[in-house]
file target-v8.txt (compact mmCIF, C-alpha atoms)
# COMPACT_ATOMS: atom_id res chain seq x y z
CA MET A 1 -5.79 12.26 5.53
CA ILE A 2 -6.16 8.49 5.82
CA TYR A 3 -8.06 6.77 3.00
CA ARG A 4 -9.33 3.24 3.43
CA ILE A 5 -9.13 1.38 0.11
CA THR A 6 -9.98 -2.18 1.14
CA GLU A 7 -11.07 -3.86 4.33
CA ALA A 8 -7.41 -4.16 5.38
CA LEU A 9 -5.44 -1.61 3.32
CA SER A 10 -5.32 2.15 3.72
CA VAL A 11 -3.23 4.85 2.08
CA GLY A 12 -2.33 8.42 2.89
CA ARG A 13 0.31 10.98 3.68
CA PHE A 14 3.30 10.79 5.99
CA PRO A 15 2.06 10.31 9.57
CA PRO A 16 3.72 12.44 12.23
CA ALA A 17 4.27 10.78 15.61
CA ASP A 18 1.03 12.25 16.97
CA TRP A 19 -0.93 10.21 14.39
CA THR A 20 -0.20 6.96 16.26
CA ALA A 21 -3.39 7.06 18.35
CA PRO A 22 -5.71 8.02 15.44
CA LEU A 23 -4.21 5.30 13.22
CA LEU A 24 -4.55 2.71 15.96
CA ALA A 25 -8.16 3.86 16.55
CA ARG A 26 -8.86 3.17 12.87
CA GLY A 27 -7.54 -0.36 13.31
CA VAL A 28 -4.15 0.07 11.67
CA THR A 29 -1.75 -2.65 12.83
CA HIS A 30 1.14 -2.27 10.35
CA VAL A 31 2.73 0.66 8.52
CA VAL A 32 4.57 0.59 5.20
CA ASN A 33 6.50 3.78 4.53
CA VAL A 34 7.62 4.36 0.92
CA SER A 35 8.61 8.00 1.48
CA GLY A 36 12.11 9.40 1.36
CA ARG A 37 12.51 9.67 5.13
CA PRO A 38 12.18 7.31 8.10
CA SER A 39 8.86 6.95 9.88
CA GLU A 40 7.98 8.98 12.94
CA VAL A 41 5.49 6.34 14.08
CA ALA A 42 6.97 3.23 15.67
CA ALA A 43 6.32 -0.42 16.30
CA GLY A 44 6.24 -1.84 19.80
CA ASP A 45 4.23 -1.89 22.97
CA GLY A 46 0.99 0.02 22.56
CA ALA A 47 1.80 0.88 18.94
CA PHE A 48 2.00 -0.95 15.63
CA ARG A 49 3.04 -4.56 15.15
CA GLU A 50 5.50 -3.54 12.43
CA VAL A 51 6.70 -0.40 10.67
CA ALA A 52 8.76 -0.92 7.51
CA TRP A 53 10.53 1.63 5.32
CA PHE A 54 11.20 1.20 1.61
CA PRO A 55 12.25 4.58 0.15
CA LEU A 56 10.94 5.08 -3.38
CA ASP A 57 11.53 7.99 -5.75
CA ASP A 58 8.42 9.30 -7.51
CA SER A 59 10.50 10.71 -10.39
CA ARG A 60 12.17 7.40 -11.34
CA ARG A 61 10.95 4.01 -12.47
CA ILE A 62 10.74 1.53 -9.64
CA PRO A 63 13.29 -1.26 -10.23
CA THR A 64 11.54 -4.62 -10.52
CA SER A 65 13.52 -6.13 -7.66
CA THR A 66 12.58 -3.22 -5.39
CA ALA A 67 8.90 -3.42 -6.33
CA LEU A 68 8.76 -7.15 -5.68
CA HIS A 69 10.52 -6.73 -2.32
CA VAL A 70 7.99 -4.06 -1.25
CA LEU A 71 5.08 -6.22 -2.43
CA ASP A 72 6.40 -9.33 -0.69
CA GLU A 73 6.65 -7.43 2.60
CA LEU A 74 3.24 -5.82 2.13
CA HIS A 75 1.76 -9.24 1.43
CA ARG A 76 3.46 -10.77 4.46
CA MET A 77 2.02 -8.03 6.68
CA ALA A 78 -1.45 -8.04 5.10
CA THR A 79 -1.85 -11.79 5.47
CA GLN A 80 -1.27 -11.76 9.23
CA PRO A 81 -4.50 -12.40 11.18
CA GLY A 82 -6.41 -9.18 11.79
CA ALA A 83 -3.85 -7.01 9.99
CA HIS A 84 -4.71 -3.58 8.60
CA VAL A 85 -1.80 -2.00 6.72
CA TYR A 86 -1.38 1.75 6.25
CA VAL A 87 0.77 2.47 3.19
CA HIS A 88 2.11 6.00 3.02
CA CYS A 89 4.56 8.30 1.30
CA GLY A 90 5.14 12.02 1.80
CA GLY A 91 1.96 13.56 0.45
CA GLY A 92 -0.10 10.44 -0.22
CA CYS A 93 -0.24 11.12 -3.95
CA TYR A 94 2.21 8.91 -5.85
CA ARG A 95 4.47 6.47 -4.02
CA GLY A 96 2.06 5.13 -1.39
CA PRO A 97 -0.90 4.78 -3.75
CA THR A 98 1.38 3.19 -6.36
CA ALA A 99 2.66 0.57 -3.90
CA LEU A 100 -0.88 -0.27 -2.78
CA TRP A 101 -2.13 -0.32 -6.41
CA LEU A 102 0.72 -2.62 -7.49
CA TYR A 103 -0.18 -4.97 -4.66
CA LEU A 104 -3.80 -5.15 -5.78
CA VAL A 105 -2.64 -5.72 -9.38
CA ALA A 106 -0.34 -8.50 -8.13
CA CYS A 107 -3.38 -10.04 -6.44
CA GLY A 108 -5.27 -10.22 -9.74
CA ALA A 109 -7.00 -6.85 -10.09
CA ASP A 110 -7.22 -5.20 -13.49
CA PRO A 111 -4.68 -2.33 -13.47
CA ASP A 112 -6.96 0.29 -15.03
CA ALA A 113 -10.06 -0.66 -13.08
CA VAL A 114 -8.31 -0.78 -9.72
CA ARG A 115 -6.56 2.54 -10.45
CA GLU A 116 -10.02 4.11 -10.78
CA GLU A 117 -11.15 2.41 -7.57
CA VAL A 118 -8.15 3.72 -5.61
CA VAL A 119 -8.67 7.27 -6.91
CA ALA A 120 -12.40 7.07 -6.08
CA ARG A 121 -11.48 6.37 -2.44
CA ALA A 122 -8.36 8.57 -2.23
CA PRO A 123 -9.02 11.61 -4.44
CA ASP A 124 -5.46 12.96 -4.08
CA ALA A 125 -3.96 9.67 -5.26
CA SER A 126 -2.35 9.13 -8.64
CA PRO A 127 -1.29 5.46 -8.60
CA GLY A 128 1.04 4.10 -11.23
CA PRO A 129 2.35 7.25 -12.92
CA PRO A 130 4.54 6.57 -15.99
CA SER A 131 7.47 8.18 -14.18
CA MET A 132 7.38 5.24 -11.73
CA VAL A 133 5.74 2.31 -13.52
CA GLY A 134 6.00 0.91 -17.02
CA PRO A 135 4.15 -1.96 -18.71
CA ASP A 136 7.07 -4.31 -18.06
CA LEU A 137 6.77 -3.81 -14.28
CA ILE A 138 3.02 -4.39 -14.38
CA LEU A 139 3.53 -7.70 -16.20
CA GLU A 140 6.22 -8.80 -13.75
CA VAL A 141 4.07 -7.84 -10.76
CA GLN A 142 1.14 -9.83 -12.18
CA ARG A 143 3.34 -12.89 -12.78
CA HIS A 144 4.86 -12.64 -9.30
CA GLY A 145 1.46 -12.27 -7.66
CA ARG A 146 -0.02 -15.27 -9.47
CA THR A 147 2.92 -17.36 -8.31
CA HIS A 148 3.28 -16.09 -4.73
CA PHE A 149 0.09 -14.35 -3.54
CA LEU A 150 -2.81 -16.33 -4.97
CA PRO A 151 -5.04 -17.77 -3.80
CA HIS A 152 -4.99 -15.03 -1.20
CA PRO A 153 -5.10 -16.40 2.35
CA ARG A 154 -7.20 -13.42 3.54
CA PRO A 155 -9.63 -12.49 0.75
CA GLU A 156 -11.02 -9.64 2.87
CA VAL A 157 -7.70 -7.84 2.31
CA LEU A 158 -8.77 -7.40 -1.32
CA ALA A 159 -12.40 -6.39 -0.66
CA LEU A 160 -12.86 -2.76 -1.66
CA VAL A 161 -14.70 -0.59 0.83
CA PRO A 162 -17.64 1.50 -0.42
CA VAL A 163 -16.74 4.81 -2.06
CA PRO A 164 -17.26 7.65 0.44
CA THR A 165 -20.12 9.99 -0.36
call {"tool": "encode", "arguments": {"input": "target-v8.txt", "output": "C-alpha cells"}}
result
Amino acid sequence: MIYRITEALSVGRFPPADWTAPLLARGVTHVVNVSGRPSEVAAGDGAFREVAWFPLDDSRRIPTSTALHVLDELHRMATQPGAHVYVHCGGGCYRGPTALWLYLVACGADPDAVREEVVARAPDASPGPPSMVGPDLILEVQRHGRTHFLPHPRPEVLALVPVPT
C-alpha cells in the first residue's frame, strides 16, 4: 500500500519491480529505500528520476550521521521542481515512516503532532520507535533542519494531505 502523507511525500512498503507503473501514475518521481535490501524499482528512462538506498535497522538506534545523511538526500530530492518522493522500507511500518517523520520534524513540525498525522494517513506506520530514535536524535534533527532546510524552498512538500475517510 502507498500512503500519501503530504503533497509531495508518500510512504509504504517495499515496491516490487511491477509497482513502477502504479507509482509513476501516482506522480512519484523519486524513491528513497531505507530497507535492508536494494530496490527493485529503478531510475532512468521512463522510470524515476532517482532511486536511493540507505539501509536502516529497525532494531537499532539510527546513528546521527546516518540520519542526517538520509535527511539531506531526502531534502535534496524533495526540493527539486515537481518532485514527489516515495519513502519505503520492507513492510512500511518502522524505517520508512521514521525517515519521513524525521524529515518533517527537521522541517519544523512538532514530533508528537506529526507522528499522529503520519499514523492517521498510514495506519500501519509506527514512526520514531524508541528502538530507532532517542530524544538526542530528535534534537539534532531539529537543529540540522533549522540550519539547512528552512525556510523550505517548496512549502507544498510539507502540506499534509487530508486524512482518508
call {"tool": "residues_around", "arguments": {"input": "target-v8.txt", "residues": "A:His88", "least_positions_apart": "2", "cutoff": "7 Å", "atoms": "all atoms listed in the file", "output": "tab-separated table (two decimals) with C-alpha atoms, in the frame of the given file"}}
result
chain	number	residue	atom	x	y	z
A	11	VAL	CA	-3.23	4.85	2.08
A	12	GLY	CA	-2.33	8.42	2.89
A	13	ARG	CA	0.31	10.98	3.68
A	14	PHE	CA	3.30	10.79	5.99
A	32	VAL	CA	4.57	0.59	5.20
A	33	ASN	CA	6.50	3.78	4.53
A	34	VAL	CA	7.62	4.36	0.92
A	35	SER	CA	8.61	8.00	1.48
A	86	TYR	CA	-1.38	1.75	6.25
A	90	GLY	CA	5.14	12.02	1.80
A	92	GLY	CA	-0.10	10.44	-0.22
A	96	GLY	CA	2.06	5.13	-1.39
call {"tool": "closest_residue", "arguments": {"input": "target-v8.txt", "among": "A:Ala122, A:Leu74, A:Ile138, A:Leu160", "to": "A:Ile2", "atoms": "all atoms listed in the file"}}
result
A:Ala122
call {"tool": "atom_distance", "arguments": {"input": "target-v8.txt", "atom1": "atom CA of A:Pro22", "atom2": "atom CA of A:Gly128"}}
result
27.8 Å
call {"tool": "residues_around", "arguments": {"input": "target-v8.txt", "residues": "A:Glu117", "least_positions_apart": "3", "cutoff": "12 Å", "atoms": "all atoms listed in the file", "output": "number ranges by chain"}}
result
A: 3-6, 97, 100-101, 104-105, 109-114, 120-123, 125-127, 158-164
call {"tool": "closest_residue", "arguments": {"input": "target-v8.txt", "among": "A:Met77, A:Val141, A:Ala83, A:Val133", "to": "A:Cys107", "atoms": "only C-alpha atoms"}}
result
A:Val141
call {"tool": "axis_aligned_box", "arguments": {"input": "target-v8.txt", "around": "stretch 46-50 of chain A", "padding_each_side": "4 Å", "output": "JSON"}}
result
{"center_x": 3.2, "center_y": -1.8, "center_z": 17.5, "size_x": 12.5, "size_y": 13.4, "size_z": 18.1}
call {"tool": "atom_distance", "arguments": {"input": "target-v8.txt", "atom1": "atom CA of A:His152", "atom2": "atom CA of A:Ala8"}}
result
12.9 Å
call {"tool": "residues_near_point", "arguments": {"input": "target-v8.txt", "point": "(12.4, 9.6, 8.2)", "cutoff": "12 Å", "atoms": "only C-alpha atoms", "output": "VMD selection string"}}
result
chain A and resid 14 to 17 33 to 42 51 to 55 89 to 90
call {"tool": "write_last_selection", "arguments": {"input": "target-v8.txt", "atoms": "C-alpha atoms", "output": "mmCIF file, keeping the file's coordinate frame"}}
result
data_model
loop_
_atom_site.group_PDB
_atom_site.id
_atom_site.type_symbol
_atom_site.label_atom_id
_atom_site.label_comp_id
_atom_site.auth_asym_id
_atom_site.auth_seq_id
_atom_site.Cartn_x
_atom_site.Cartn_y
_atom_site.Cartn_z
ATOM 1 C CA PHE A 14 3.300 10.790 5.990
ATOM 2 C CA PRO A 15 2.060 10.310 9.570
ATOM 3 C CA PRO A 16 3.720 12.440 12.230
ATOM 4 C CA ALA A 17 4.270 10.780 15.610
ATOM 5 C CA ASN A 33 6.500 3.780 4.530
ATOM 6 C CA VAL A 34 7.620 4.360 0.920
ATOM 7 C CA SER A 35 8.610 8.000 1.480
ATOM 8 C CA GLY A 36 12.110 9.400 1.360
ATOM 9 C CA ARG A 37 12.510 9.670 5.130
ATOM 10 C CA PRO A 38 12.180 7.310 8.100
ATOM 11 C CA SER A 39 8.860 6.950 9.880
ATOM 12 C CA GLU A 40 7.980 8.980 12.940
ATOM 13 C CA VAL A 41 5.490 6.340 14.080
ATOM 14 C CA ALA A 42 6.970 3.230 15.670
ATOM 15 C CA VAL A 51 6.700 -0.400 10.670
ATOM 16 C CA ALA A 52 8.760 -0.920 7.510
ATOM 17 C CA TRP A 53 10.530 1.630 5.320
ATOM 18 C CA PHE A 54 11.200 1.200 1.610
ATOM 19 C CA PRO A 55 12.250 4.580 0.150
ATOM 20 C CA CYS A 89 4.560 8.300 1.300
ATOM 21 C CA GLY A 90 5.140 12.020 1.800
#
call {"tool": "residues_around", "arguments": {"input": "target-v8.txt", "residues": "A:Thr29", "least_positions_apart": "6", "cutoff": "6 Å", "atoms": "all atoms listed in the file", "output": "PyMOL selection string"}}
result
chain A and resi 48-49+83-84
call {"tool": "atom_distance", "arguments": {"input": "target-v8.txt", "atom1": "atom CA of A:Glu7", "atom2": "atom CA of A:Ser131"}}
result
28.8 Å
call {"tool": "closest_residue", "arguments": {"input": "target-v8.txt", "among": "A:Gly27, A:Arg115, A:Trp19, A:His144", "to": "A:His69", "atoms": "all atoms listed in the file"}}
result
A:His144
call {"tool": "closest_residue", "arguments": {"input": "target-v8.txt", "among": "A:Gly91, A:Pro129, A:Pro81, A:Gly145", "to": "A:Val157", "atoms": "only C-alpha atoms"}}
result
A:Pro81
call {"tool": "residues_around", "arguments": {"input": "target-v8.txt", "residues": "A:Gly108", "least_positions_apart": "6", "cutoff": "9 Å", "atoms": "only C-alpha atoms", "output": "ChimeraX atom specification"}}
result
/A:142,145-146,150
call {"tool": "closest_residue", "arguments": {"input": "target-v8.txt", "among": "A:Leu24, A:Met132, A:Leu71, A:Ala99", "to": "A:Val87", "atoms": "all atoms listed in the file"}}
result
A:Ala99
